[in-house]
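> Below is the file work_7.cif, which contains mmCIF, C-alpha atoms and all ligand atoms.
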```cif
data_data
loop_
_atom_site.label_atom_id
_atom_site.label_comp_id
_atom_site.auth_asym_id
_atom_site.auth_seq_id
_atom_site.Cartn_x
_atom_site.Cartn_y
_atom_site.Cartn_z
CA MET A 2 102.22 -25.61 92.56
CA LEU A 3 105.71 -26.98 91.81
CA LYS A 4 106.68 -27.72 95.39
CA GLY A 5 109.81 -29.86 95.54
CA LYS A 6 109.98 -30.42 91.78
CA HIS A 7 113.44 -30.42 90.19
CA ILE A 8 113.48 -28.18 87.16
CA LEU A 9 116.60 -28.11 85.03
CA LEU A 10 116.54 -24.85 83.10
CA GLY A 11 118.51 -24.83 79.85
CA VAL A 12 119.34 -21.35 78.55
CA THR A 13 120.59 -20.79 75.01
CA GLY A 14 121.97 -17.74 73.21
CA SER A 15 118.88 -15.78 72.30
CA ILE A 16 118.12 -12.19 73.21
CA ALA A 17 115.17 -13.64 75.18
CA ALA A 18 117.77 -15.10 77.60
CA TYR A 19 117.19 -12.02 79.77
CA LYS A 20 113.71 -13.45 80.48
CA ALA A 21 115.33 -16.64 81.82
CA ALA A 22 116.19 -14.67 84.97
CA MET A 23 112.51 -13.94 85.64
CA LEU A 24 111.57 -17.49 84.66
CA CYS A 25 114.07 -18.90 87.16
CA ARG A 26 112.70 -16.65 89.90
CA LEU A 27 109.08 -17.56 89.19
CA LEU A 28 109.90 -21.29 89.17
CA ARG A 29 111.46 -20.91 92.60
CA VAL A 30 108.51 -18.86 93.89
CA ALA A 31 106.26 -21.73 92.72
CA GLY A 32 108.28 -24.03 94.99
CA ALA A 33 110.60 -25.69 92.45
CA GLU A 34 114.29 -26.37 92.91
CA VAL A 35 116.13 -25.00 89.89
CA LYS A 36 119.50 -25.83 88.36
CA VAL A 37 120.68 -24.01 85.26
CA VAL A 38 122.72 -25.22 82.32
CA MET A 39 123.74 -22.60 79.73
CA THR A 40 125.26 -22.80 76.28
CA PRO A 41 128.52 -20.83 75.86
CA THR A 42 126.65 -18.26 73.72
CA ALA A 43 123.94 -17.80 76.37
CA LYS A 44 126.63 -16.27 78.60
CA GLU A 45 126.87 -13.38 76.12
CA PHE A 46 123.23 -12.53 76.81
CA ILE A 47 122.90 -13.14 80.53
CA THR A 48 125.60 -13.70 83.09
CA PRO A 49 126.02 -16.97 84.99
CA VAL A 50 126.26 -14.84 88.15
CA THR A 51 122.67 -13.65 87.68
CA MET A 52 121.40 -17.17 87.03
CA ALA A 53 123.41 -18.69 89.89
CA THR A 54 122.11 -16.08 92.34
CA LEU A 55 118.49 -16.57 91.28
CA SER A 56 118.61 -20.38 91.09
CA LYS A 57 120.71 -20.65 94.27
CA ASN A 58 122.83 -23.26 92.48
CA PRO A 59 126.11 -23.09 90.56
CA ILE A 60 125.72 -22.79 86.80
CA ALA A 61 126.98 -25.46 84.42
CA VAL A 62 128.25 -24.32 81.01
CA GLU A 63 131.34 -26.37 80.14
CA PHE A 64 131.83 -30.11 80.43
CA TYR A 65 134.29 -29.48 83.23
CA ASN A 66 135.51 -26.63 85.38
CA PRO A 67 138.76 -25.46 83.64
CA GLU A 68 140.15 -24.22 86.95
CA ASN A 69 140.06 -27.48 88.89
CA GLY A 70 139.00 -30.09 86.32
CA ASP A 71 135.70 -30.84 88.15
CA TRP A 72 133.46 -32.80 85.80
CA HIS A 73 129.94 -31.46 85.18
CA SER A 74 127.99 -34.66 84.80
CA HIS A 75 125.22 -34.26 82.23
CA ILE A 76 124.00 -37.70 83.29
CA ALA A 77 123.65 -36.69 86.94
CA MET A 78 121.83 -33.49 85.93
CA GLY A 79 119.47 -35.46 83.68
CA GLU A 80 118.75 -37.90 86.50
CA TRP A 81 118.18 -35.08 88.99
CA ALA A 82 115.62 -33.32 86.79
CA ASP A 83 111.87 -33.96 86.91
CA CYS A 84 111.60 -31.69 83.89
CA TYR A 85 114.17 -30.25 81.47
CA LEU A 86 112.94 -26.85 80.35
CA ILE A 87 114.91 -25.26 77.53
CA ALA A 88 113.93 -21.61 77.51
CA PRO A 89 114.79 -19.75 75.43
CA ALA A 90 115.58 -22.35 72.77
CA THR A 91 117.28 -20.97 69.65
CA ALA A 92 116.80 -22.34 66.13
CA ASN A 93 120.38 -23.63 66.37
CA THR A 94 119.78 -25.61 69.58
CA ILE A 95 116.44 -26.93 68.32
CA ALA A 96 118.13 -28.16 65.12
CA LYS A 97 120.94 -29.81 67.06
CA MET A 98 118.44 -31.47 69.40
CA ALA A 99 116.52 -32.79 66.40
CA TYR A 100 119.69 -34.32 64.94
CA GLY A 101 121.28 -35.54 68.16
CA ILE A 102 124.29 -33.25 67.96
CA ALA A 103 126.06 -33.14 71.30
CA ASP A 104 128.66 -30.37 71.16
CA ASN A 105 127.79 -28.63 74.42
CA LEU A 106 126.65 -29.54 77.92
CA LEU A 107 123.06 -28.43 77.36
CA LEU A 108 122.77 -30.81 74.40
CA THR A 109 124.48 -33.81 76.00
CA THR A 110 122.13 -33.33 78.94
CA TYR A 111 119.17 -33.40 76.53
CA LEU A 112 120.38 -36.70 75.10
CA SER A 113 120.78 -38.31 78.49
CA ALA A 114 117.78 -36.87 80.37
CA ARG A 115 114.92 -39.31 80.89
CA CYS A 116 112.42 -36.75 82.14
CA GLN A 117 109.97 -34.64 80.12
CA THR A 118 111.72 -32.04 77.96
CA VAL A 119 109.92 -28.76 77.36
CA VAL A 120 111.09 -26.36 74.67
CA ALA A 121 110.24 -22.65 74.49
CA PRO A 122 111.41 -21.48 71.05
CA ALA A 123 112.72 -17.93 70.74
CA MET A 124 113.88 -16.50 67.42
CA ASP A 125 113.07 -14.13 64.62
CA CYS A 126 109.78 -14.76 62.78
CA ASP A 127 111.41 -15.80 59.50
CA MET A 128 113.70 -18.27 61.25
CA PHE A 129 110.74 -19.60 63.22
CA CYS A 130 108.54 -20.05 60.15
CA HIS A 131 111.34 -21.58 58.06
CA GLU A 132 110.56 -25.08 56.90
CA ALA A 133 113.78 -26.39 58.48
CA THR A 134 112.85 -25.06 61.94
CA GLN A 135 109.27 -26.26 61.65
CA GLU A 136 110.46 -29.73 60.60
CA ASN A 137 112.87 -29.84 63.53
CA LEU A 138 110.14 -28.81 65.96
CA ALA A 139 107.84 -31.47 64.50
CA LYS A 140 110.59 -34.06 64.99
CA LEU A 141 111.00 -33.10 68.65
CA ARG A 142 107.23 -33.11 69.17
CA GLU A 143 107.04 -36.64 67.73
CA ARG A 144 109.69 -37.72 70.20
CA GLY A 145 107.59 -36.50 73.11
CA CYS A 146 109.03 -33.03 73.73
CA LEU A 147 106.47 -30.46 74.75
CA ILE A 148 106.92 -27.48 72.42
CA LEU A 149 105.48 -24.34 73.95
CA GLU A 150 103.45 -22.07 71.72
CA SER A 151 105.31 -19.05 70.43
CA PRO A 152 103.03 -16.01 70.60
CA GLU A 153 102.78 -13.46 67.82
CA GLY A 154 104.12 -9.98 68.59
CA GLU A 155 106.94 -7.54 68.23
CA LEU A 156 110.37 -9.16 67.94
CA ALA A 157 113.78 -7.83 68.96
CA SER A 158 114.51 -7.28 65.26
CA GLY A 159 111.59 -4.86 65.11
CA LEU A 160 109.62 -7.24 62.92
CA MET A 161 106.16 -8.43 63.87
CA GLY A 162 105.28 -12.11 63.84
CA LYS A 163 105.72 -15.46 65.55
CA GLY A 164 108.93 -16.50 67.23
CA ARG A 165 108.79 -14.68 70.58
CA MET A 166 109.42 -16.79 73.64
CA MET A 167 106.30 -17.51 75.66
CA GLU A 168 106.15 -15.16 78.67
CA PRO A 169 107.77 -16.57 81.86
CA GLU A 170 104.48 -16.46 83.85
CA GLN A 171 102.78 -18.58 81.22
CA ILE A 172 105.71 -21.01 80.98
CA VAL A 173 105.48 -21.61 84.74
CA GLU A 174 101.74 -22.30 84.34
CA GLU A 175 102.47 -24.82 81.57
CA ILE A 176 105.06 -26.58 83.72
CA GLY A 177 102.56 -26.65 86.61
CA ARG A 178 99.97 -28.28 84.35
CA LEU A 179 102.52 -30.93 83.45
CA PHE A 180 102.75 -32.00 87.07
CA ALA A 181 99.12 -31.49 88.05
CA VAL A 182 97.42 -34.74 88.87
CA GLN A 183 94.15 -35.01 87.01
CA GLN A 184 91.20 -34.41 89.31
CA THR A 185 89.54 -37.65 88.27
CA LEU A 186 87.75 -38.13 91.60
CA ALA A 187 86.43 -34.58 91.97
CA GLY A 188 82.93 -34.59 93.47
CA LYS A 189 83.39 -38.06 95.02
CA ARG A 190 83.46 -38.65 98.75
CA VAL A 191 85.52 -41.56 100.04
CA MET A 192 85.96 -42.83 103.56
CA VAL A 193 89.17 -44.67 104.48
CA THR A 194 89.68 -46.55 107.74
CA ALA A 195 93.28 -46.94 108.84
CA GLY A 196 95.54 -47.81 111.73
CA ALA A 197 95.09 -50.07 114.73
CA THR A 198 92.23 -50.01 117.21
CA ILE A 199 92.89 -50.00 120.95
CA GLU A 200 90.78 -52.13 123.29
CA ALA A 201 91.16 -51.09 126.90
CA ILE A 202 91.66 -53.76 129.57
CA ASP A 203 91.95 -51.27 132.40
CA PRO A 204 93.05 -47.59 132.56
CA VAL A 205 96.64 -48.65 131.83
CA ARG A 206 96.64 -51.70 129.54
CA TYR A 207 95.13 -52.40 126.20
CA ILE A 208 94.95 -54.93 123.35
CA SER A 209 96.09 -53.74 119.94
CA ASN A 210 98.12 -54.92 116.93
CA HIS A 211 101.14 -54.00 114.81
CA SER A 212 99.36 -51.85 112.20
CA THR A 213 101.11 -48.51 111.61
CA GLY A 214 98.43 -47.05 109.31
CA LYS A 215 100.94 -46.45 106.47
CA MET A 216 98.89 -48.21 103.78
CA GLY A 217 95.60 -46.49 104.69
CA TYR A 218 97.21 -43.06 104.96
CA ALA A 219 98.87 -43.54 101.55
CA ILE A 220 95.47 -44.43 100.07
CA ALA A 221 93.83 -41.37 101.64
CA GLU A 222 96.60 -39.19 100.19
CA ALA A 223 96.33 -40.70 96.70
CA LEU A 224 92.55 -40.23 96.64
CA ALA A 225 92.75 -36.63 97.90
CA LYS A 226 95.32 -35.77 95.22
CA ARG A 227 92.83 -36.93 92.60
CA GLY A 228 90.26 -34.48 93.95
CA ALA A 229 88.15 -36.78 96.15
CA GLU A 230 86.80 -35.48 99.44
CA VAL A 231 88.46 -37.90 101.83
CA VAL A 232 87.62 -38.65 105.43
CA LEU A 233 90.12 -40.80 107.28
CA VAL A 234 88.68 -42.70 110.23
CA SER A 235 91.90 -43.39 112.02
CA GLY A 236 92.90 -45.64 114.87
CA LYS A 237 96.28 -45.44 116.59
CA THR A 238 99.11 -44.21 114.36
CA ALA A 239 102.07 -41.85 114.53
CA LEU A 240 101.49 -40.50 111.02
CA ALA A 241 100.67 -36.93 110.00
CA THR A 242 97.32 -36.30 108.31
CA PRO A 243 97.78 -36.11 104.53
CA GLN A 244 97.10 -32.73 102.95
CA GLY A 245 93.45 -32.04 102.19
CA VAL A 246 92.18 -35.01 104.21
CA ARG A 247 89.70 -34.72 107.11
CA ARG A 248 90.66 -37.02 109.95
CA VAL A 249 88.40 -38.49 112.60
CA ASP A 250 90.37 -40.09 115.43
CA VAL A 251 88.97 -43.12 117.19
CA LEU A 252 90.32 -45.60 119.72
CA SER A 253 88.27 -48.77 120.01
CA ALA A 254 86.60 -50.97 117.38
CA GLU A 255 83.25 -49.75 118.74
CA ASP A 256 84.27 -46.07 118.24
CA MET A 257 85.50 -46.89 114.76
CA TYR A 258 82.23 -48.66 113.93
CA GLU A 259 80.17 -45.63 114.96
CA ALA A 260 82.34 -43.13 113.10
CA ALA A 261 82.52 -45.36 110.00
CA VAL A 262 78.75 -45.88 109.77
CA ALA A 263 78.11 -42.13 110.11
CA GLU A 264 80.70 -41.23 107.48
CA PHE A 265 79.79 -44.05 105.07
CA GLU A 266 76.20 -42.80 104.88
CA GLN A 267 77.46 -39.67 103.13
CA SER A 268 80.12 -41.38 101.02
CA ASP A 269 80.34 -42.90 97.56
CA CYS A 270 82.93 -45.45 98.57
CA ALA A 271 84.78 -46.81 101.59
CA VAL A 272 88.21 -48.41 101.82
CA MET A 273 88.53 -50.57 104.91
CA CYS A 274 92.22 -50.60 105.63
CA ALA A 275 92.16 -50.50 109.44
CA ALA A 276 93.36 -53.40 111.52
CA VAL A 277 90.31 -53.69 113.75
CA ALA A 278 90.32 -55.83 116.86
CA ASP A 279 88.02 -58.84 116.48
CA TYR A 280 87.68 -59.21 120.25
CA THR A 281 87.55 -56.74 123.11
CA PRO A 282 87.56 -57.24 126.87
CA ALA A 283 84.03 -58.07 128.03
CA VAL A 284 84.48 -55.73 130.97
CA VAL A 285 86.93 -52.82 131.26
CA ALA A 286 88.25 -52.63 134.80
CA GLU A 287 87.78 -49.17 136.30
CA GLN A 288 90.97 -49.43 138.33
CA LYS A 289 94.33 -50.83 137.36
CA ILE A 290 94.18 -54.61 137.72
CA LYS A 291 96.54 -55.67 140.48
CA LYS A 292 99.06 -58.39 139.87
CA SER A 293 98.71 -61.57 141.95
CA ASP A 294 100.29 -65.02 141.98
CA ALA A 295 97.19 -66.63 140.51
CA GLU A 296 96.68 -67.10 136.76
CA PHE A 297 94.67 -64.39 135.13
CA THR A 298 91.91 -64.98 132.61
CA LEU A 299 90.51 -62.20 130.49
CA THR A 300 87.10 -62.75 128.96
CA LEU A 301 86.76 -61.26 125.48
CA ARG A 302 83.64 -60.59 123.50
CA LYS A 303 83.36 -60.24 119.75
CA THR A 304 83.47 -56.77 118.22
CA LYS A 305 81.36 -55.72 115.27
CA ASP A 306 82.87 -56.42 111.86
CA ILE A 307 82.66 -52.91 110.43
CA ALA A 308 83.22 -53.96 106.82
CA PHE A 309 80.49 -56.60 107.14
CA GLU A 310 78.04 -54.05 108.60
CA LEU A 311 78.82 -51.51 105.86
CA GLY A 312 78.41 -54.31 103.28
CA LYS A 313 74.83 -54.79 104.50
CA MET A 314 73.94 -51.10 104.25
CA LYS A 315 75.95 -50.17 101.15
CA GLY A 316 73.24 -49.93 98.44
CA ALA A 317 74.90 -48.30 95.41
CA ARG A 318 78.01 -47.37 97.38
CA LYS A 319 81.27 -49.20 96.70
CA LEU A 320 83.20 -51.07 99.34
CA VAL A 321 86.86 -52.07 99.23
CA GLY A 322 88.32 -54.33 101.91
CA PHE A 323 91.71 -55.72 102.82
CA ALA A 324 92.68 -59.25 103.73
CA LEU A 325 95.93 -59.75 105.60
CA GLU A 326 96.55 -63.48 105.65
CA THR A 327 99.19 -65.89 106.80
CA ASN A 328 97.83 -69.03 105.12
CA ASP A 329 95.20 -70.11 102.53
CA GLU A 330 95.41 -66.54 101.29
CA GLN A 331 93.40 -66.81 98.09
CA SER A 332 90.43 -68.78 99.44
CA ASN A 333 90.25 -66.70 102.65
CA ALA A 334 90.22 -63.49 100.62
CA GLU A 335 87.52 -64.78 98.24
CA GLU A 336 85.41 -65.84 101.20
CA LYS A 337 85.73 -62.32 102.74
CA LEU A 338 84.87 -60.67 99.43
CA ARG A 339 81.58 -62.63 99.36
CA LYS A 340 80.72 -62.57 103.05
CA LYS A 341 81.34 -58.84 103.50
CA ASN A 342 79.67 -57.90 100.19
CA LEU A 343 82.84 -56.13 98.98
CA ASP A 344 83.40 -54.90 95.43
CA LEU A 345 87.13 -55.46 95.68
CA ILE A 346 89.46 -57.06 98.17
CA VAL A 347 93.16 -56.26 98.44
CA LEU A 348 94.99 -59.34 99.61
CA ASN A 349 98.40 -59.25 101.23
CA SER A 350 100.19 -62.10 102.85
CA LEU A 351 102.58 -61.92 105.79
CA ARG A 352 104.48 -64.70 104.00
CA ASP A 353 105.64 -62.24 101.31
CA LYS A 354 108.89 -60.43 102.04
CA GLY A 355 108.43 -56.66 102.09
CA ALA A 356 104.67 -56.88 102.76
CA GLY A 357 102.76 -56.19 105.94
CA PHE A 358 103.20 -54.05 109.03
CA GLY A 359 105.44 -51.03 109.11
CA CYS A 360 107.30 -51.54 105.81
CA ASP A 361 107.19 -48.94 103.09
CA THR A 362 106.48 -51.60 100.48
CA ASN A 363 103.64 -54.02 99.93
CA LYS A 364 102.84 -56.92 97.64
CA VAL A 365 99.14 -57.20 96.97
CA THR A 366 96.67 -59.07 94.82
CA PHE A 367 93.39 -57.47 93.76
CA ILE A 368 90.44 -59.85 93.77
CA ASP A 369 86.93 -58.99 92.63
CA ALA A 370 83.97 -61.15 91.64
CA SER A 371 85.45 -62.07 88.27
CA HIS A 372 89.17 -61.26 88.22
CA ARG A 373 92.40 -61.64 90.10
CA GLU A 374 95.35 -59.28 89.51
CA GLU A 375 98.65 -59.93 91.21
CA LEU A 376 100.93 -56.88 91.55
CA PRO A 377 104.69 -56.99 92.09
CA LEU A 378 106.36 -55.67 95.25
CA LEU A 379 105.77 -51.90 95.13
CA ALA A 380 106.15 -48.86 97.37
CA LYS A 381 103.02 -48.42 99.48
CA SER A 382 102.50 -45.06 97.74
CA GLU A 383 102.46 -46.88 94.38
CA VAL A 384 100.07 -49.56 95.70
CA ALA A 385 97.87 -46.66 96.85
CA GLU A 386 97.88 -45.23 93.30
CA ARG A 387 96.83 -48.61 91.90
CA ILE A 388 94.02 -48.84 94.45
CA ALA A 389 92.96 -45.29 93.50
CA ASP A 390 92.88 -46.42 89.84
CA ARG A 391 90.55 -49.28 90.79
CA ILE A 392 88.33 -46.94 92.83
CA GLU A 393 88.08 -44.62 89.82
CA LYS A 394 86.81 -47.56 87.76
CA LEU A 395 84.34 -48.61 90.46
CA LEU A 396 82.92 -45.08 90.70
CA LYS A 397 82.62 -44.48 86.94
O1 LIG B 1 87.88 -60.72 108.57
P1 LIG B 1 89.09 -59.86 108.51
O2 LIG B 1 89.32 -59.08 109.77
O3 LIG B 1 90.34 -60.55 108.07
O4 LIG B 1 88.76 -58.84 107.33
C1 LIG B 1 89.59 -57.80 107.01
C2 LIG B 1 88.80 -56.66 106.43
O5 LIG B 1 87.68 -56.36 107.24
C3 LIG B 1 89.62 -55.41 106.39
O6 LIG B 1 89.16 -54.61 105.31
C4 LIG B 1 89.30 -54.75 107.75
O7 LIG B 1 89.53 -53.35 107.74
C5 LIG B 1 87.85 -55.09 107.90
N1 LIG B 1 87.39 -55.27 109.27
C6 LIG B 1 86.48 -54.40 109.83
N2 LIG B 1 86.00 -54.59 111.10
C7 LIG B 1 86.43 -55.62 111.85
C8 LIG B 1 87.37 -56.53 111.31
C9 LIG B 1 87.82 -56.33 110.04
O8 LIG B 1 86.10 -53.45 109.15
N3 LIG B 1 85.96 -55.78 113.06
#
```
In C-alpha cells, what does this structure look like?
Ligand code: C5P


Amino acid sequence: MLKGKHILLGVTGSIAAYKAAMLCRLLRVAGAEVKVVMTPTAKEFITPVTMATLSKNPIAVEFYNPENGDWHSHIAMGEWADCYLIAPATANTIAKMAYGIADNLLLTTYLSARCQTVVAPAMDCDMFCHEATQENLAKLRERGCLILESPEGELASGLMGKGRMMEPEQIVEEIGRLFAVQQTLAGKRVMVTAGATIEAIDPVRYISNHSTGKMGYAIAEALAKRGAEVVLVSGKTALATPQGVRRVDVLSAEDMYEAAVAEFEQSDCAVMCAAVADYTPAVVAEQKIKKSDAEFTLTLRKTKDIAFELGKMKGARKLVGFALETNDEQSNAEEKLRKKNLDLIVLNSLRDKGAGFGCDTNKVTFIDASHREELPLLAKSEVAERIADRIEKLLK
C-alpha cells in the first residue's frame, strides 16, 4: 500500500508516544521507508533506540550530533519525505506549528518540508477542546495540513473524552488513502499498442525501427493505476510488463493487426503507440539468403494501417493515435487525425531535443478536432499521466 514511500515520522512528548513504535512498524510493514525525528521531550516517553531499531534509520533529535558535530539537516529530511506525519502531536507542538516557532528539529523540519503534513493530535480532553488548541488546529487545516480525527475514549488522565491519538492501524490507512490514486477509470477497458514490429526477411534478418516501447508502456501503467483494465499489444521491447496489465506479444504488423482488432472489439478505447512497419517483405525467404556479388533488391508490400482500420470499426469507442514527425509536424498530424478517424492525436517531433526514441522524456502536442495543446518537455511517465487525463475526459 505504501511501497517505496518516504514517511518522516515526527514524535512529540505525549504519553501516546509509546504508540509511535507500533505506528513505525506498521508503516514499514505497509512498504514505507521511515525516518524518525523526535522532540527532546519525546525521548522521555520512548527511547530513540526503540525508534531507530524499528525504523531501521538513525533518529534525529538535536540540530547536530554533540559528539562529532554532524549536522542534522532539516531541509534534507523535508526534501526526502513524501509525507511528514507528526504522531503523536502535543498541544505544545501544534501551537508552535501554528505560529511558526522553530525551537527544535521537528519544528524546523515542519517549516521547511514541502510535502503533505499529517497531524495526529494526542492530549487530554480539556486541552484538546480548549479554544486555543482548536484555533491552532483550524489554522493548520487552512494551511493544508491533514488533521487526523481524535477519537473519543478513555485518556491517560483517567478522564473520558476527545484527545486520544488515532490508533496506529487507522493512521496507516489514512496515509495509504493519501497516496492512493483515484480509480477514475474503473470499469473501462483500454487497449494500448506499443513497441516496434518485426518484419522477417528470412529466418535471420528482419526490418524494424528504433522504438523501445517506453511511451506505450508508461501509458499502460498510468491507465492501470487509475483502475482501467489494460491490455498491451506489444511488439519488440526489453521492458517489463507494468503491474496489473495483460500483455499480448506480437512480432509483425500483421500479427499486431489481428491482435489489435480482436482486443479493440471488447475495449472502450485504444491508444495506438506502436511503431508499426508500413512495409513488409513481399516474400519471406524460407532459407537464409546467401550473399552474392550482385546487387540485391527486396520487394516490399504495404502493411495494414492498424489505426486506420480501427478508425473504421470504432463506433462509440475512442481512438488515440500518435504522430512522430520530422517535418510539417502540425499539418501531418491534423491529416492523420482526420484520415484515421482519431479522437486525439499526440504529436511528437524528432526535431525536439529530448523527444523520440529511447529517451525518458518527451515533448508532445495534443491535437483534437477543435483544440491544440502544446506541453513542455516532460518525463514520459508525466506525459502518460496527461494522456490518461485526456482519456478520462474522452470516456466520460
Ligand atoms: O501514418 P503514421 O504511421 O505516421 O501514423 C502513426 C499512427 O498510426 C500511430 O498511432 C501508429 O501507432 C499508428 N499506425 C498503425 N498501423 C500502422 C502504421 C501506423 O496503427 N501500420

> Could you pull out every residue with an atom within 6 Å of (112.9, -24.8, 85.2), file coordinates, counting all atoms listed in the file, and send them as a ChimeraX atom specification?

/A:8-10,35,86

> Please produce, as JSON lines, a per-residue contact table for chain A versus ligand LIG 1 (chain B) (criterion: any atom at most 7 Å away, only C-alpha atoms and all ligand atoms considered), showing the nearest atom pair and its distance in Å to one decimal, sorted by chain then residue number.


```
{"residue": "A:Thr194", "atom": "CA", "partner": "B:LIG1", "partner_atom": "O7", "distance": 6.8}
{"residue": "A:Ala254", "atom": "CA", "partner": "B:LIG1", "partner_atom": "N3", "distance": 6.5}
{"residue": "A:Met273", "atom": "CA", "partner": "B:LIG1", "partner_atom": "O7", "distance": 4.1}
{"residue": "A:Cys274", "atom": "CA", "partner": "B:LIG1", "partner_atom": "O7", "distance": 4.4}
{"residue": "A:Ala275", "atom": "CA", "partner": "B:LIG1", "partner_atom": "O7", "distance": 4.2}
{"residue": "A:Ala276", "atom": "CA", "partner": "B:LIG1", "partner_atom": "O7", "distance": 5.4}
{"residue": "A:Val277", "atom": "CA", "partner": "B:LIG1", "partner_atom": "C7", "distance": 4.7}
{"residue": "A:Ala278", "atom": "CA", "partner": "B:LIG1", "partner_atom": "N3", "distance": 5.8}
{"residue": "A:Asp279", "atom": "CA", "partner": "B:LIG1", "partner_atom": "N3", "distance": 5.0}
{"residue": "A:Thr304", "atom": "CA", "partner": "B:LIG1", "partner_atom": "N3", "distance": 5.8}
{"residue": "A:Lys305", "atom": "CA", "partner": "B:LIG1", "partner_atom": "N3", "distance": 5.1}
{"residue": "A:Asp306", "atom": "CA", "partner": "B:LIG1", "partner_atom": "N3", "distance": 3.4}
{"residue": "A:Ile307", "atom": "CA", "partner": "B:LIG1", "partner_atom": "O8", "distance": 3.7}
{"residue": "A:Ala308", "atom": "CA", "partner": "B:LIG1", "partner_atom": "O8", "distance": 3.7}
{"residue": "A:Phe309", "atom": "CA", "partner": "B:LIG1", "partner_atom": "O8", "distance": 6.7}
{"residue": "A:Val321", "atom": "CA", "partner": "B:LIG1", "partner_atom": "O6", "distance": 7.0}
{"residue": "A:Gly322", "atom": "CA", "partner": "B:LIG1", "partner_atom": "O6", "distance": 3.5}
{"residue": "A:Phe323", "atom": "CA", "partner": "B:LIG1", "partner_atom": "O6", "distance": 3.7}
{"residue": "A:Ala324", "atom": "CA", "partner": "B:LIG1", "partner_atom": "C1", "distance": 4.7}
{"residue": "A:Leu325", "atom": "CA", "partner": "B:LIG1", "partner_atom": "O3", "distance": 6.2}
{"residue": "A:Lys337", "atom": "CA", "partner": "B:LIG1", "partner_atom": "O1", "distance": 6.4}
```

> Could you check how far atom CA of Gln331 of chain A sits from atom CA of Gly236 of chain A, in Å to one decimal?

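Interatomic distance, atom CA of Gln331 of chain A to atom CA of Gly236 of chain A: 27.0 Å.
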
> Measuring atom to atom with only C-alpha atoms, identify which of A:Cys130, A:Glu287, A:Cys84, A:Arg248 is nearest to Glu153 of chain A.

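Result for the nearest residue to Glu153 of chain A: A:Cys130.
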
> Closest to Tyr111 of chain A among A:Val262, A:Val38, A:Ala271, A:Met52, using all atoms listed in the file?

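Closest residue, counting all atoms listed in the file: A:Val38.
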
> Excluding same-chain residues fewer than 2 positions from Thr213 of chain A, what lies within 8 Å of it counting all atoms listed in the file, as a VMD selection string?

chain A and resid 196 to 197 211 215 237 to 239 358 to 359

> List as a list in words the protein and nucleic acid residues near Ala260 of chain A, meaning an atom at most 9 Å away when only C-alpha atoms are counted, but skip any in the same chain fewer than 6 places from it.

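Close residues of Ala260 of chain A: Val234, Val249, Asp250 and Val251 of chain A.
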
> At what distance in Å, to one decimal, does atom CA of Ala90 of chain A lie from atom CA of Lys4 of chain A?

24.9 Å

> Taking all atoms listed in the file into account, name the residue in A:Glu168, A:Glu375, A:Glu330, A:Asp203 that is nearest to Lys20 of chain A.

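Answer, going by the shortest atom-to-atom distance: A:Glu168.
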
> Quick one: pull the distance between atom CA of Met78 of chain A and atom CA of Ala139 of chain A, Å, one decimal.

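Between these atoms lies a distance of 25.7 Å.
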
> Under the rule that only C-alpha atoms are counted, which of A:Ala283, A:Leu348, A:Ile220, A:Ile47 is the nearest residue to Ser382 of chain A?

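Smallest separation from Ser382 of chain A among the options: A:Ile220.
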
> Give me, as a PDB file with C-alpha atoms, in the coordinates of the input, all polymer residues having an atom no more than 8 Å from segment 224-233 of chain A, counting only C-alpha atoms and skipping those fewer than 5 positions away in the same chain.


```
ATOM      1  CA  VAL A 182      97.420 -34.740  88.870  1.00  0.00           C
ATOM      2  CA  GLN A 183      94.150 -35.010  87.010  1.00  0.00           C
ATOM      3  CA  GLN A 184      91.200 -34.410  89.310  1.00  0.00           C
ATOM      4  CA  THR A 185      89.540 -37.650  88.270  1.00  0.00           C
ATOM      5  CA  LEU A 186      87.750 -38.130  91.600  1.00  0.00           C
ATOM      6  CA  ALA A 187      86.430 -34.580  91.970  1.00  0.00           C
ATOM      7  CA  GLY A 188      82.930 -34.590  93.470  1.00  0.00           C
ATOM      8  CA  LYS A 189      83.390 -38.060  95.020  1.00  0.00           C
ATOM      9  CA  ARG A 190      83.460 -38.650  98.750  1.00  0.00           C
ATOM     10  CA  VAL A 191      85.520 -41.560 100.040  1.00  0.00           C
ATOM     11  CA  MET A 192      85.960 -42.830 103.560  1.00  0.00           C
ATOM     12  CA  VAL A 193      89.170 -44.670 104.480  1.00  0.00           C
ATOM     13  CA  THR A 194      89.680 -46.550 107.740  1.00  0.00           C
ATOM     14  CA  ALA A 195      93.280 -46.940 108.840  1.00  0.00           C
ATOM     15  CA  TYR A 218      97.210 -43.060 104.960  1.00  0.00           C
ATOM     16  CA  GLN A 244      97.100 -32.730 102.950  1.00  0.00           C
ATOM     17  CA  GLY A 245      93.450 -32.040 102.190  1.00  0.00           C
ATOM     18  CA  VAL A 246      92.180 -35.010 104.210  1.00  0.00           C
ATOM     19  CA  ARG A 247      89.700 -34.720 107.110  1.00  0.00           C
ATOM     20  CA  ARG A 248      90.660 -37.020 109.950  1.00  0.00           C
ATOM     21  CA  VAL A 249      88.400 -38.490 112.600  1.00  0.00           C
ATOM     22  CA  GLU A 264      80.700 -41.230 107.480  1.00  0.00           C
ATOM     23  CA  ALA A 389      92.960 -45.290  93.500  1.00  0.00           C
TER      24      ALA A 389
END
```

> So that I can check the surroundings of Ile290 of chain A, please list as a VMD selection string every protein, DNA and RNA residue that reaches within 10 Å of it, counting all atoms listed in the file and ignoring chain neighbours fewer than 2 positions away.

chain A and resid 202 to 206 285 to 288 292 to 293

> Show me, as a list in words, the residues that have an atom within 12 Å of Arg387 of chain A when counting all atoms listed in the file, minus same-chain residues fewer than 2 positions from it.

Ala219, Ile220, Ala223, Leu224, Val347, Asn363, Lys364, Val365, Thr366, Phe367, Glu374, Glu375, Leu376, Pro377, Leu379, Ala380, Lys381, Ser382, Glu383, Val384, Ala385, Ala389, Asp390, Arg391, Ile392, Glu393 and Lys394 of chain A

> So which one's closest to Met2 of chain A, A:Ile76, A:Ile148, A:Leu378, A:Ile176? Using only C-alpha atoms, please.

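So, comparing all the options, the nearest one is A:Ile176.
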
> Return the padded bounding box of segment 46-60 of chain A as lines of an AutoDock Vina configuration file: axis-aligned, built from all atoms listed in the file, 5 Å added on each side, with centre and edge lengths in Å to one decimal.


```
center_x = 122.4
center_y = -17.9
center_z = 85.5
size_x = 17.8
size_y = 20.7
size_z = 27.5
```
